[in-house]
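Asks: Next comes start-v4.pdb, PDB, C-alpha atoms, pLDDT in the B column:
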```pdb
ATOM      1  CA  MET A   1     220.030 -26.315  94.359  1.00 44.00           C
ATOM      2  CA  GLU A   2     217.040 -24.323  95.608  1.00 46.00           C
ATOM      3  CA  GLU A   3     218.764 -21.074  94.650  1.00 49.00           C
ATOM      4  CA  ARG A   4     218.718 -22.166  90.992  1.00 46.00           C
ATOM      5  CA  VAL A   5     215.063 -23.197  91.142  1.00 48.00           C
ATOM      6  CA  GLU A   6     214.002 -19.868  92.600  1.00 53.00           C
ATOM      7  CA  LYS A   7     215.883 -17.912  89.951  1.00 65.00           C
ATOM      8  CA  GLY A   8     213.395 -18.778  87.212  1.00 82.00           C
ATOM      9  CA  TYR A   9     215.439 -19.844  84.209  1.00 88.00           C
ATOM     10  CA  LYS A  10     214.142 -19.403  80.666  1.00 90.00           C
ATOM     11  CA  ILE A  11     213.573 -22.108  78.089  1.00 91.00           C
ATOM     12  CA  ALA A  12     215.026 -21.209  74.703  1.00 94.00           C
ATOM     13  CA  LEU A  13     214.421 -22.856  71.350  1.00 94.00           C
ATOM     14  CA  VAL A  14     216.607 -22.943  68.248  1.00 96.00           C
ATOM     15  CA  ALA A  15     214.813 -24.660  65.387  1.00 92.00           C
ATOM     16  CA  ASN A  16     213.095 -24.331  62.049  1.00 85.00           C
ATOM     17  CA  GLN A  17     210.158 -21.993  61.532  1.00 83.00           C
ATOM     18  CA  GLN A  18     207.471 -24.674  61.983  1.00 81.00           C
ATOM     19  CA  LEU A  19     208.797 -25.832  65.366  1.00 85.00           C
ATOM     20  CA  ASN A  20     209.285 -22.233  66.475  1.00 86.00           C
ATOM     21  CA  LEU A  21     205.648 -21.486  65.804  1.00 84.00           C
ATOM     22  CA  GLY A  22     204.520 -24.584  67.692  1.00 82.00           C
ATOM     23  CA  PHE A  23     206.656 -23.836  70.726  1.00 84.00           C
ATOM     24  CA  LYS A  24     205.568 -20.175  70.743  1.00 84.00           C
ATOM     25  CA  LEU A  25     201.964 -21.374  70.894  1.00 82.00           C
ATOM     26  CA  ALA A  26     203.004 -23.549  73.850  1.00 79.00           C
ATOM     27  CA  GLY A  27     204.400 -20.512  75.675  1.00 78.00           C
ATOM     28  CA  VAL A  28     208.133 -20.551  74.858  1.00 85.00           C
ATOM     29  CA  THR A  29     209.026 -16.879  74.435  1.00 81.00           C
ATOM     30  CA  GLU A  30     212.720 -17.216  73.559  1.00 91.00           C
ATOM     31  CA  SER A  31     212.783 -18.823  70.117  1.00 92.00           C
ATOM     32  CA  THR A  32     215.064 -18.390  67.135  1.00 94.00           C
ATOM     33  CA  THR A  33     214.821 -19.650  63.577  1.00 93.00           C
ATOM     34  CA  VAL A  34     218.182 -20.455  61.975  1.00 93.00           C
ATOM     35  CA  SER A  35     218.937 -21.437  58.399  1.00 91.00           C
ATOM     36  CA  ASP A  36     222.654 -22.238  58.294  1.00 93.00           C
ATOM     37  CA  THR A  37     225.607 -23.485  60.322  1.00 94.00           C
ATOM     38  CA  SER A  38     226.923 -20.041  61.182  1.00 95.00           C
ATOM     39  CA  GLU A  39     223.578 -18.835  62.560  1.00 95.00           C
ATOM     40  CA  ALA A  40     223.007 -22.075  64.473  1.00 95.00           C
ATOM     41  CA  GLU A  41     226.435 -22.130  66.102  1.00 96.00           C
ATOM     42  CA  SER A  42     226.342 -18.427  66.933  1.00 96.00           C
ATOM     43  CA  LYS A  43     222.910 -18.594  68.573  1.00 97.00           C
ATOM     44  CA  ILE A  44     223.643 -21.769  70.541  1.00 96.00           C
ATOM     45  CA  LYS A  45     226.948 -20.335  71.817  1.00 97.00           C
ATOM     46  CA  GLU A  46     225.132 -17.163  72.882  1.00 97.00           C
ATOM     47  CA  LEU A  47     222.429 -19.096  74.732  1.00 96.00           C
ATOM     48  CA  ILE A  48     224.930 -21.387  76.467  1.00 96.00           C
ATOM     49  CA  GLY A  49     226.817 -18.312  77.669  1.00 96.00           C
ATOM     50  CA  ARG A  50     223.760 -16.640  79.183  1.00 94.00           C
ATOM     51  CA  ASP A  51     223.011 -17.093  82.858  1.00 92.00           C
ATOM     52  CA  ASP A  52     219.242 -16.691  82.504  1.00 93.00           C
ATOM     53  CA  VAL A  53     218.696 -19.754  80.255  1.00 93.00           C
ATOM     54  CA  GLY A  54     218.099 -23.124  81.915  1.00 91.00           C
ATOM     55  CA  ILE A  55     217.072 -25.306  78.962  1.00 91.00           C
ATOM     56  CA  ILE A  56     217.970 -24.966  75.297  1.00 94.00           C
ATOM     57  CA  ILE A  57     215.811 -26.986  72.939  1.00 92.00           C
ATOM     58  CA  VAL A  58     217.338 -27.643  69.516  1.00 94.00           C
ATOM     59  CA  SER A  59     215.738 -29.475  66.641  1.00 91.00           C
ATOM     60  CA  THR A  60     217.439 -32.435  65.003  1.00 89.00           C
ATOM     61  CA  SER A  61     218.193 -30.413  61.881  1.00 90.00           C
ATOM     62  CA  VAL A  62     219.801 -27.614  63.905  1.00 93.00           C
ATOM     63  CA  LYS A  63     221.955 -30.069  65.836  1.00 93.00           C
ATOM     64  CA  ARG A  64     223.141 -31.520  62.511  1.00 92.00           C
ATOM     65  CA  MET A  65     224.112 -27.995  61.383  1.00 94.00           C
ATOM     66  CA  VAL A  66     226.623 -27.640  64.225  1.00 95.00           C
ATOM     67  CA  ARG A  67     230.116 -28.466  62.904  1.00 95.00           C
ATOM     68  CA  ASP A  68     232.212 -27.028  65.744  1.00 95.00           C
ATOM     69  CA  ARG A  69     233.348 -30.103  67.702  1.00 95.00           C
ATOM     70  CA  ARG A  70     233.829 -28.153  70.941  1.00 96.00           C
ATOM     71  CA  LEU A  71     230.307 -26.803  70.694  1.00 95.00           C
ATOM     72  CA  GLN A  72     228.966 -30.300  69.977  1.00 93.00           C
ATOM     73  CA  ASP A  73     230.716 -31.584  73.099  1.00 93.00           C
ATOM     74  CA  THR A  74     229.389 -28.689  75.169  1.00 94.00           C
ATOM     75  CA  MET A  75     225.857 -29.336  73.924  1.00 93.00           C
ATOM     76  CA  GLU A  76     226.119 -33.004  74.910  1.00 89.00           C
ATOM     77  CA  THR A  77     227.628 -32.461  78.365  1.00 89.00           C
ATOM     78  CA  SER A  78     226.146 -29.180  79.574  1.00 90.00           C
ATOM     79  CA  ILE A  79     223.898 -29.437  82.598  1.00 87.00           C
ATOM     80  CA  LEU A  80     223.055 -25.762  83.020  1.00 91.00           C
ATOM     81  CA  PRO A  81     221.846 -24.874  80.576  1.00 93.00           C
ATOM     82  CA  LEU A  82     220.634 -28.305  79.594  1.00 90.00           C
ATOM     83  CA  VAL A  83     220.602 -28.791  75.810  1.00 92.00           C
ATOM     84  CA  VAL A  84     217.809 -31.066  74.606  1.00 88.00           C
ATOM     85  CA  GLN A  85     217.312 -32.279  71.057  1.00 87.00           C
ATOM     86  CA  VAL A  86     213.755 -32.680  69.793  1.00 84.00           C
ATOM     87  CA  PRO A  87     212.781 -34.459  66.598  1.00 81.00           C
ATOM     88  CA  GLU A  88     211.379 -32.636  63.588  1.00 78.00           C
ATOM     89  CA  PRO A  89     207.640 -33.017  62.928  1.00 71.00           C
ATOM     90  CA  ASN A  90     208.325 -35.269  59.931  1.00 71.00           C
ATOM     91  CA  GLU A  91     210.488 -37.644  62.019  1.00 66.00           C
ATOM     92  CA  GLY A  92     207.556 -39.449  63.553  1.00 61.00           C
ATOM     93  CA  ILE A  93     207.248 -38.190  67.112  1.00 57.00           C
ATOM     94  CA  THR A  94     205.664 -40.821  69.311  1.00 56.00           C
ATOM     95  CA  GLU A  95     203.391 -40.254  72.256  1.00 51.00           C
ATOM     96  CA  GLU A  96     206.302 -41.056  74.565  1.00 52.00           C
ATOM     97  CA  ASP A  97     208.460 -38.252  73.145  1.00 54.00           C
ATOM     98  CA  THR A  98     207.352 -35.557  75.558  1.00 60.00           C
ATOM     99  CA  LEU A  99     209.904 -32.925  76.486  1.00 61.00           C
ATOM    100  CA  ARG A 100     210.108 -34.457  79.956  1.00 63.00           C
ATOM    101  CA  ASN A 101     210.946 -37.872  78.469  1.00 65.00           C
ATOM    102  CA  LEU A 102     213.467 -36.394  76.039  1.00 61.00           C
ATOM    103  CA  ILE A 103     215.238 -34.665  78.932  1.00 62.00           C
ATOM    104  CA  MET A 104     215.118 -37.835  81.001  1.00 63.00           C
ATOM    105  CA  ARG A 105     216.738 -39.772  78.141  1.00 60.00           C
ATOM    106  CA  ALA A 106     219.374 -37.067  77.698  1.00 57.00           C
ATOM    107  CA  ILE A 107     220.527 -36.904  81.326  1.00 57.00           C
ATOM    108  CA  GLY A 108     219.110 -40.056  82.883  1.00 58.00           C
ATOM    109  CA  ILE A 109     216.993 -38.437  85.602  1.00 57.00           C
ATOM    110  CA  ASP A 110     213.479 -37.036  85.852  1.00 58.00           C
ATOM    111  CA  ILE A 111     214.004 -33.296  86.345  1.00 50.00           C
ATOM    112  CA  SER A 112     210.366 -32.688  87.240  1.00 55.00           C
ATOM    113  CA  LYS A 113     211.082 -34.312  90.613  1.00 54.00           C
ATOM    114  CA  MET A 114     213.916 -31.859  91.212  1.00 49.00           C
ATOM    115  CA  PHE A 115     211.545 -28.907  91.053  1.00 48.00           C
ATOM    116  CA  SER A 116     208.576 -30.312  92.961  1.00 46.00           C
ATOM    117  CA  LYS A 117     207.875 -28.851  96.404  1.00 46.00           C
ATOM    118  CA  GLN A 118     208.059 -31.351  99.229  1.00 45.00           C
TER     119      GLN A 118
END
```
Could you render the structure from this file as structure tokens?
Replies:
Amino acid sequence: MEERVEKGYKIALVANQQLNLGFKLAGVTESTTVSDTSEAESKIKELIGRDDVGIIIVSTSVKRMVRDRRLQDTMETSILPLVVQVPEPNEGITEEDTLRNLIMRAIGIDISKMFSKQ
């Protein structure tokens, strides 16, 4: 497990333009704006296939764009990279909906403890 931690995986985002801007301001450098199913599926497949991406953040609207059932299954079961869905700004994000909490809900464990030095 330590080998993966030391590698320094990237966080990638596939979302609408507003979320992309927000995440860029937060320091996410790998972000893509998509507008249709073909673009969404193509970009997500590319990111899942890369070995330098550890987390893929997709917005709710992008996840709804994905029609390919195999890709949907991969997004739901992939551990590395981990695919996390975040709500759109107009969906009423609560204070509890931090990325850490969204990941914890998605996989059932707190990943921040996996990366802490002991």
Asks: If you count all atoms listed in the file, which residues fall within 9 Å of range 13-21 of chain A, apart from same-chain ones fewer than 5 positions away, as a ChimeraX atom specification?
Replies: /A:26,28-35,40,43-44,55-63,88-89
Asks: Record the distance separating CA of Leu80 in chain A and CA of Val53 in chain A, expressed in Å with one decimal.
Replies: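 About the pair CA of Leu80 in chain A and CA of Val53 in chain A: they are 7.9 Å apart.
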Asks: If you measure from CA of Lys10 in chain A to CA of Gly49 in chain A, what distance in Å do you get, rounded to one decimal?
Replies: 13.1 Å
Asks: For a quick check of understanding, using all atoms listed in the file, which of A:Gly54, A:Lys24, A:Asp68, A:Gly8 has the smallest distance to Thr37 in chain A?
Replies: A:Asp68
Asks: For the atom pair CA of Gln72 in chain A and CA of Asp52 in chain A, what is the interatomic distance in Å to one decimal place?
Replies: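 Atom-to-atom, CA of Gln72 in chain A and CA of Asp52 in chain A are spaced 20.9 Å apart.
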